[in-house]
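Only one structure is covered here, and it is reproduced in the block below.
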Amino acid sequence: MTQQHTPVPENGSGTPAAPASPGRLDALPVIDLSLAEGGPEEHRRLHDELRAAATGVGFFQLVGHGVTPEETAALTDAMRAFFALPEADRLTVSNLNSPHYRGYTRTGDERTGGSQDWRDQLDIGAELPAHVPGEGEPPYWWLEGPNQWPEALPELRGAALGWIDRLGAVARRLLHELLAAIGASPDFYDEAFAGHPHLRLKLVRYPGTAPDGAGQGVGAHKDYGFITLLLQDTVGGLQVELPDGGFLEVPPMPGAFVVNLGELLEVATDGYLKATNHRVVSPVGARERFSVPFFYNPRLDAHVAPLDFPHAHHAPGATEDPDNPLFADFGLNEWKGYTRAHPEVTRRHHPTLTGPASR
């Protein structure tokens, strides 16, 4: 892993750029990744905009990524077909069958912050053999394993695994540009992603307001890993927490991915890059909302070393929350999240593993 870094981006006074301190935002920044293919001026503009978004609100809309409408339609058509299946067919791939937390979660069976999320979803990851932890191995290896695919919808497998490959390439390119934007070597974390990175996606449906009137589609939370790319449909509901504690609505933008940074990048940069709380408010009434978050994460056993970058002295420190300890070992963060979010799976398959860092 190289420790070299690129020249230091500066502000107008010639000093290294400090993290952005956004005021009240009206909309997320929009960043065009295709600027990376332009000349020096376009590339510099991309890095300036990335740095401002990543050190400020920690969210942005990404365009110019190269994913075509046809590729997107192949996935969204398969997703809608899955949720249109009879419940009995969806339950054949229930995540209660999987010690790897893969498969279908019924509406209301997932929890965030201890409260019920009103959505159902299908968890999918890279297709790998099961890694049953051996003596002395950490329990997070349970998260590596095969997916479950409904026999009634054979086209879903190709669409979902193809999406993982396609967005993995986009996210890798984006991470390289982001690291360069803050003066780090673009390939600093390539070793952490070598081999079998822990790439995952969720196919998610929000079926409308819960019967008790609660509006929590998914509660406020941060993502565990490096980068999330979210595909939204045309129904709104995503909200991003702002520094003043209010929430910013993120209306859908055709052809764009909503990008946010995860906890590991915040830890690696001592808070210079921001992992930001976000939530989804349920659609009104019985209106459905569909979304596909893709999680770009390193190998489960990757230890995320502190990033060598020239702005480290500006870092304000990573967020400290006693209810949500952050680990530099990615697998511990992921294990913590899944065991909390899916308590029934944990009780059924891992009853003796009671803590996120159990070994």
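In the structure tokens, each chain is lettered A, B, ... as it comes, each chain's residues begin at 1, and ligands are numbered from 1 in order of appearance.
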
Closest contacts (segment 103-193 of chain A/segment 44-58 of chain A, max 10 Å, only C-alpha atoms) as a tab-separated table:
residue	atom	partner	partner_atom	distance
A:Leu174	CA	A:Leu50	CA	9.4
A:Glu177	CA	A:His47	CA	7.0
A:Leu178	CA	A:Leu50	CA	6.3
A:Leu179	CA	A:Arg51	CA	8.9
A:Ala180	CA	A:His47	CA	7.3
A:Ala181	CA	A:His47	CA	4.4
A:Ile182	CA	A:Arg51	CA	6.3
A:Gly183	CA	A:His47	CA	9.6

Please list as a PyMOL selection string every residue within 12 Å of Thr346 of chain A, counting only C-alpha atoms and excluding residues in the same chain fewer than 3 positions away.
chain A and resi 95-101+110+139-140+142-143+335-343+349-356

Could you save those same residues with N, CA and C atoms as a short mmCIF file (atom, residue, chain, number, x, y, z; two decimals), in the first residue's frame?
data_model
loop_
_atom_site.label_atom_id
_atom_site.label_comp_id
_atom_site.auth_asym_id
_atom_site.auth_seq_id
_atom_site.Cartn_x
_atom_site.Cartn_y
_atom_site.Cartn_z
N ASN A 95 -34.71 -14.39 4.63
CA ASN A 95 -33.37 -14.33 5.25
C ASN A 95 -33.31 -15.13 6.54
N LEU A 96 -34.46 -15.54 7.07
CA LEU A 96 -34.44 -16.43 8.24
C LEU A 96 -33.83 -17.78 7.91
N ASN A 97 -33.75 -18.11 6.61
CA ASN A 97 -33.11 -19.36 6.19
C ASN A 97 -31.60 -19.24 6.13
N SER A 98 -31.05 -18.04 6.21
CA SER A 98 -29.66 -17.80 5.86
C SER A 98 -28.83 -17.34 7.06
N PRO A 99 -27.81 -18.11 7.43
CA PRO A 99 -26.90 -17.62 8.48
C PRO A 99 -26.02 -16.48 7.99
N HIS A 100 -26.10 -16.17 6.67
CA HIS A 100 -25.29 -15.10 6.07
C HIS A 100 -26.08 -13.80 5.91
N TYR A 101 -27.28 -13.75 6.46
CA TYR A 101 -28.13 -12.55 6.40
C TYR A 101 -28.46 -12.18 4.95
N GLU A 110 -37.20 -5.65 9.98
CA GLU A 110 -35.90 -5.02 10.20
C GLU A 110 -36.07 -3.85 11.16
N PRO A 139 -16.54 -13.79 14.09
CA PRO A 139 -17.85 -14.22 13.59
C PRO A 139 -18.28 -13.51 12.33
N TYR A 140 -17.64 -12.39 11.98
CA TYR A 140 -18.10 -11.69 10.79
C TYR A 140 -17.96 -12.50 9.51
N TRP A 142 -19.34 -15.13 8.94
CA TRP A 142 -20.67 -15.62 8.61
C TRP A 142 -21.34 -14.76 7.54
N LEU A 143 -20.90 -13.53 7.36
CA LEU A 143 -21.52 -12.63 6.38
C LEU A 143 -21.11 -12.96 4.95
N TRP A 335 -20.69 -6.66 10.95
CA TRP A 335 -21.32 -7.63 11.85
C TRP A 335 -22.21 -6.93 12.87
N LYS A 336 -21.70 -5.85 13.45
CA LYS A 336 -22.48 -5.05 14.39
C LYS A 336 -23.81 -4.63 13.77
N GLY A 337 -23.73 -4.13 12.53
CA GLY A 337 -24.93 -3.62 11.88
C GLY A 337 -25.95 -4.69 11.58
N TYR A 338 -25.51 -5.81 11.03
CA TYR A 338 -26.47 -6.85 10.64
C TYR A 338 -27.07 -7.57 11.84
N THR A 339 -26.27 -7.80 12.87
CA THR A 339 -26.83 -8.49 14.03
C THR A 339 -27.86 -7.63 14.74
N ARG A 340 -27.68 -6.32 14.71
CA ARG A 340 -28.67 -5.43 15.33
C ARG A 340 -29.91 -5.27 14.46
N ALA A 341 -29.71 -5.14 13.14
CA ALA A 341 -30.83 -4.86 12.25
C ALA A 341 -31.74 -6.07 12.06
N HIS A 342 -31.19 -7.27 12.19
CA HIS A 342 -31.97 -8.50 11.94
C HIS A 342 -31.89 -9.42 13.16
N PRO A 343 -32.52 -9.04 14.25
CA PRO A 343 -32.38 -9.82 15.48
C PRO A 343 -32.92 -11.24 15.36
N HIS A 349 -29.68 -18.25 14.11
CA HIS A 349 -28.45 -18.86 13.60
C HIS A 349 -27.21 -18.61 14.46
N HIS A 350 -27.23 -17.55 15.28
CA HIS A 350 -26.03 -17.18 16.03
C HIS A 350 -26.38 -16.82 17.48
N PRO A 351 -27.07 -17.68 18.19
CA PRO A 351 -27.56 -17.31 19.53
C PRO A 351 -26.44 -17.11 20.54
N THR A 352 -25.25 -17.67 20.29
CA THR A 352 -24.18 -17.53 21.26
C THR A 352 -23.30 -16.32 20.99
N LEU A 353 -23.52 -15.65 19.87
CA LEU A 353 -22.68 -14.51 19.51
C LEU A 353 -23.43 -13.25 19.91
N THR A 354 -23.17 -12.76 21.10
CA THR A 354 -24.02 -11.73 21.69
C THR A 354 -23.52 -10.32 21.48
N GLY A 355 -22.28 -10.12 21.04
CA GLY A 355 -21.76 -8.76 20.88
C GLY A 355 -21.19 -8.54 19.51
N PRO A 356 -21.14 -7.27 19.05
CA PRO A 356 -20.65 -7.01 17.70
C PRO A 356 -19.20 -7.39 17.49
#

With a cut-off of 6 Å, could you pull out the residues of segment 256-288 of chain A touching segment 207-224 of chain A and give me the nearest pair of atoms for each, distance in Å to one decimal, using only C-alpha atoms, ordered by chain and ascending number, as CSV?
residue,atom,partner,partner_atom,distance
A:Gly262,CA,A:Asp223,CA,4.8
A:Glu263,CA,A:Tyr224,CA,5.1
A:Thr276,CA,A:Lys222,CA,5.8
A:Asn277,CA,A:His221,CA,4.8
A:His278,CA,A:Ala220,CA,5.0
A:Arg279,CA,A:Ala220,CA,4.4
A:Val280,CA,A:Gly217,CA,5.1
A:Val281,CA,A:Gly217,CA,5.1
A:Ser282,CA,A:Gly217,CA,4.5
A:Pro283,CA,A:Gly208,CA,4.7
A:Val284,CA,A:Thr209,CA,5.7
A:Gly285,CA,A:Gly208,CA,5.3
A:Ala286,CA,A:Gly208,CA,4.4
A:Arg287,CA,A:Gly208,CA,5.1
A:Glu288,CA,A:Pro207,CA,4.5

DSSP strand (DSSP E) residues within segment 89-263 of chain A, listed as a PyMOL selection string
chain A and resi 103-105+111-112+115-116+120-125+200-206+216-221+227-232+238-241+247-249+257-261

If we count only C-alpha atoms, what is near segment 249-253 of chain A at a cut-off of 7 Å, once residues fewer than 4 positions away on the same chain are taken out, given as a VMD selection string?
chain A and resid 232 to 234 236 238 to 240

Selected residues written out, N, CA, C and O atoms, as a compact mmCIF listing (two decimals), in the first residue's frame:
# COMPACT_ATOMS: atom_id res chain seq x y z
N GLN A 232 -32.79 5.75 -6.77
CA GLN A 232 -34.15 6.02 -6.33
C GLN A 232 -35.12 5.90 -7.50
O GLN A 232 -34.74 6.10 -8.65
N ASP A 233 -36.39 5.63 -7.18
CA ASP A 233 -37.43 5.78 -8.21
C ASP A 233 -37.92 7.22 -8.16
O ASP A 233 -37.23 8.12 -7.68
N THR A 234 -39.10 7.47 -8.67
CA THR A 234 -39.60 8.85 -8.77
C THR A 234 -40.36 9.31 -7.53
O THR A 234 -40.84 10.44 -7.48
N GLY A 236 -40.38 10.42 -3.70
CA GLY A 236 -39.45 10.95 -2.71
C GLY A 236 -39.58 10.29 -1.36
O GLY A 236 -40.36 9.36 -1.16
N LEU A 238 -36.38 10.20 0.84
CA LEU A 238 -35.05 10.22 1.43
C LEU A 238 -34.77 11.59 2.03
O LEU A 238 -35.04 12.62 1.42
N GLN A 239 -34.22 11.59 3.24
CA GLN A 239 -33.86 12.83 3.93
C GLN A 239 -32.48 12.69 4.55
O GLN A 239 -32.13 11.65 5.10
N VAL A 240 -31.70 13.76 4.47
CA VAL A 240 -30.33 13.81 4.97
C VAL A 240 -30.25 14.79 6.13
O VAL A 240 -30.75 15.92 6.03

Which of these residues is nearest to Ser34 of chain A, using only C-alpha atoms: A:Arg173, A:Arg166, A:His198, A:Arg102?
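Using only C-alpha atoms, Ser34 of chain A sits closest to A:Arg173.
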
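Residue nearest Asp32 of chain A, chosen from A:Gly64, A:His314, A:His131, A:Leu231 and counting only C-alpha atoms: A:Gly64.
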
Quick one: everything within 7 Å of segment 104-109 of chain A, counting only C-alpha atoms, minus sequence neighbours fewer than 5 positions away in the same chain. Send it as a PyMOL selection string.
chain A and resi 90-91+93-95+116-123
